[in-house]
Amino acid sequence: MLMDSKDKLPKLSLIRSRLRQVVNKEYAKFLDYLRRDIRQVVNARQRRLIVLTGNDYIKLAGIAIDIIDKYGRLVSRLRKGERINVLYVYHDEFPDARLRAELFKKVISRRECLKLTTSVYEVSAKYLGSTFQVLVMDLVNDLKPNDVGRLLGIVEGGGLVVFLAPPLSEWGRRKTIFRLGLLVPNHPEPRYVFIDWFVRKLEEHRGIYIFNVDNGRLVKNGFYRTHSEARLGKIEFPEKPLFEKGLYELALTQDQVNVIRLIEESLTPKVKKGKHVAIVVIADRGRGKSSAIGIGIVGFILYLLKFKNKVRVAVTARELFSVQSLMELAVKALDKLGIKHRLVRKGDMIMEIKGDRFSIEYWQPYIVLKLGVDAVVVDEAAGIPVPLLHKIWRRFPRSVYATTIHGYEGAGRGFSVRFLKRLREDPSTKLVIYEMEEPIRYSLKDPIEEFQFDALLLDAEPDQLDDRDFEEIKKGNFEYLRLDPNYLFSPKGESILRPLFGILVLAHYRNEPDDLGRIADAPHHSIRALRLRGTGKVVAVAQLAEEGGIPDDIVEELLKGGNIPGNIIPDRLLKHLRNKEYGKGVGWRVVRIAVHINAQGMGIGSYFLERIVSEASERGYDWVGAGFGVTMELLNFWLKNGFRVLHVSPDRNPVSGEYTALVIRPLSRQWTQLVEEGSKEFTIKLLESLHAVYRDFEPDALKLMFCKQLRNNEFAERIVLTSTQLERLKTYIEGVMTFESVCDAVTLLTKKFILTGNTCKLGNSKGIIVFSRVLQGRTWDEIYEDFRIGKVKATSILREVVTEMLDTVVREGFSIKEQE
């Protein structure tokens, strides 16, 4: 790469000399096409993408500057002097990237018609709610799928996106930051798949120019005739709204007006006790759903203040940056109405809007459940686990959910199938659903959005299943596919990749473009699928990561608290079970396993998992494992398929509110013994930590684990009661003493009962009381609050179950009394 030493900008004379080498007839022809194109896309509200490729960083930056300068002059003139906002994003850890950025700053800052903002990729998420006319993405040093998914949507219709890239012939083999981040010790070389796929999509889609700055050749002409009928339609406001008219005037589309109106009509009426109102706004990226909700929430607050002294609205999402559009439009709405307020920020992002008698507050999803607020808004709801969404819905009379159908944030279709079905069926819930269609920044048939959706599979959907497919499923007529990413991302393999990725998107609450990049380029990741032989449709997918085989010196470092990329299961087992052998065995971690959303509950998942285990055994692996957020459904799935829990995280995930469990199924004799020993050790750790670390762990999940797996007879034998404890225990059973008076004795007896494999004998209510009151130390009030079992009933259940536990332990011949 050509650059001056010491990270210093070259002289302008050198820059001009380099650029003269590019300014030829073909470049002039390219600019002529572009000039004509810009005139039509400004009217049609479409965007264009220019890919500048080459090794000469001066030419890359110089040609980009020249194009943007000419674009700025033309569009500023067409828009009667409007200043053009340019965002330049780069990686500042690379000298050549810094030089390109400095060139932009030096030249663009002199252009009155252009306003330049520069940013590094690490903080670029803060621009998600902003609008620019030009976006320059320096992709020379890295191509991270999330960056493309996140940033392209900020460019408005009539705007330009410019990619700076290496020569196309070299780009696919570059070791980018993203690729280097996928490497693990036993797989030091990445796969080189995703960028080739990305380049193919650039070449396939219309509206994209590719220009080689090294030789001055237009590789691809993106010009095509477009139509100008895709302008914003006329907006009609409601005639007699409850909300201030000024709020409606902030809307940019009729869709936004309709969303504000829905909030007005549905949230303002009083909600009767035990009833719920839920508004669900569904849209693709760039439709302004969050902004419309932000405006509507201000209207809701001002209306309620007529009847209440103070109004609180909680806003939640997976991450704070996801609610910034909502917050910013709420601020804009308050400003328009002249209502005083102050902002609480975290860095550049708004966390809270505080007024004299109102507040709009951001909280993490799990924390929201503990608040007392008038309404909750869940932004990008598809990114939050459905069980947590159910809790939010049940907890609050008024709730609003915004979610993306296709896009960077998640998959609204899966959200619709899993969450909305239950809301629709609930007689106590008034459900209002609105789907927004019109983009606020660009036209409906924008070619750059089409490219973005195609290249990142944002619109991937599973195959549609019909009666014939379900007959094939009933017959078990499956084909087990071992898929090579080079094939999957080829033109021929794309027909499998799309429905395969669609299944993953719908089945999992958290998806992002980087997942596609990992499937393509992570050297230790594999993809397996089940396809119906008779119809060729994909019904199940698994993403697998090879882990283990860690060298002895790294094992020693991990035992001392060191870190290692990948290798999640060996790392956790080494740290918590303290046996070096856990680092030596090699196995597959099931990163994700998913069954077609319309074919779940038909045994496909268990069959598929058995095929994966069988292949792992053929490969000579020692184990197959997985990590997942603990729910009864998932825990039961893994346990019934022969997996053993060996670790549970000490903290809940702040987004999902779930504890994370690691499970293992041993495949070799040595690992069968290792897992047995680890299970006994984990049993003690979990049981003795329930009162402090896992005090809020779900009792039904605890009961399932101890019933199906966890026991330790050796440790149980060491648990004995004194003569006095035993006497108090018998007195308690007779109804003379309270639990609080014999807590010590009941706790010891319970542990002995649990550890000796008797947990399955407890019924549902008994299991809840034993685990929550005795082992976790929850109060009677907490038990009522969480499980709706009153104190009188709960104390009676506990006395009954203690009687049964004592009889069982004695009858099975376990000593409970210390030796005299």
# chains A, B, ... in the order shown; residues from 1 in each chain; ligands from 1
call {"tool": "residues_around", "arguments": {"residues": "range 763-777 of chain A", "least_positions_apart": "3", "cutoff": "8 Å", "atoms": "only C-alpha atoms", "output": "list in words"}}
result
Leu687, Leu690, His691, Ala692, Tyr694, Arg695, Asp696, Pro699, Asp700, Leu702, Lys703, Cys743, Val746, Thr747, Thr750, Thr759, Cys760, Trp780, Ile783, Ala794, Ile797, Leu798 and Val801 of chain A
call {"tool": "write_last_selection", "arguments": {"atoms": "C-alpha atoms", "output": "PDB file, in the first residue's frame"}}
result
ATOM      1  CA  LEU A 687     -27.214 -26.871  46.560  1.00  0.00           C
ATOM      2  CA  LEU A 690     -29.134 -21.613  46.655  1.00  0.00           C
ATOM      3  CA  HIS A 691     -29.657 -19.414  49.703  1.00  0.00           C
ATOM      4  CA  ALA A 692     -27.305 -16.672  48.465  1.00  0.00           C
ATOM      5  CA  TYR A 694     -29.337 -18.585  43.297  1.00  0.00           C
ATOM      6  CA  ARG A 695     -31.985 -17.352  45.728  1.00  0.00           C
ATOM      7  CA  ASP A 696     -34.293 -16.316  42.848  1.00  0.00           C
ATOM      8  CA  PRO A 699     -37.866 -23.699  41.827  1.00  0.00           C
ATOM      9  CA  ASP A 700     -39.480 -25.815  39.108  1.00  0.00           C
ATOM     10  CA  LEU A 702     -34.242 -26.665  40.252  1.00  0.00           C
ATOM     11  CA  LYS A 703     -36.593 -29.546  40.933  1.00  0.00           C
ATOM     12  CA  CYS A 743     -35.198 -24.365  60.093  1.00  0.00           C
ATOM     13  CA  VAL A 746     -35.455 -29.156  58.170  1.00  0.00           C
ATOM     14  CA  THR A 747     -32.679 -27.784  55.945  1.00  0.00           C
ATOM     15  CA  THR A 750     -34.088 -31.631  52.955  1.00  0.00           C
ATOM     16  CA  THR A 759     -36.550 -35.154  44.361  1.00  0.00           C
ATOM     17  CA  CYS A 760     -38.922 -36.724  41.826  1.00  0.00           C
ATOM     18  CA  TRP A 780     -43.687 -16.585  52.973  1.00  0.00           C
ATOM     19  CA  ILE A 783     -43.665 -17.176  47.922  1.00  0.00           C
ATOM     20  CA  ALA A 794     -47.670 -23.142  52.297  1.00  0.00           C
ATOM     21  CA  ILE A 797     -47.647 -28.214  52.648  1.00  0.00           C
ATOM     22  CA  LEU A 798     -44.198 -27.881  54.174  1.00  0.00           C
ATOM     23  CA  VAL A 801     -43.588 -32.808  52.987  1.00  0.00           C
TER      24      VAL A 801
END
call {"tool": "select_by_dssp", "arguments": {"residues": "range 724-762 of chain A", "states": "alpha helix (DSSP H)", "output": "VMD selection string"}}
result
chain A and resid 724 to 733 743 to 755
call {"tool": "closest_residue", "arguments": {"among": "A:Ala594, A:Val298, A:Ile384, A:Ala125", "to": "Asp348 in chain A", "atoms": "only C-alpha atoms"}}
result
A:Ala125
call {"tool": "atom_distance", "arguments": {"atom1": "CA of His227 in chain A", "atom2": "CA of Leu151 in chain A"}}
result
25.6 Å
call {"tool": "residues_around", "arguments": {"residues": "Gln324 in chain A", "least_positions_apart": "5", "cutoff": "7 Å", "atoms": "only C-alpha atoms", "output": "JSON, numbers by chain"}}
result
{"A": [129, 349, 350]}
call {"tool": "atom_distance", "arguments": {"atom1": "CA of Ser490 in chain A", "atom2": "CA of Trp197 in chain A"}}
result
7.3 Å
call {"tool": "select_by_dssp", "arguments": {"residues": "range 445-611 of chain A", "states": "strand (DSSP E)", "output": "MDAnalysis selection string"}}
result
chainID A and resid 478:483 525:532 538:548 586:595
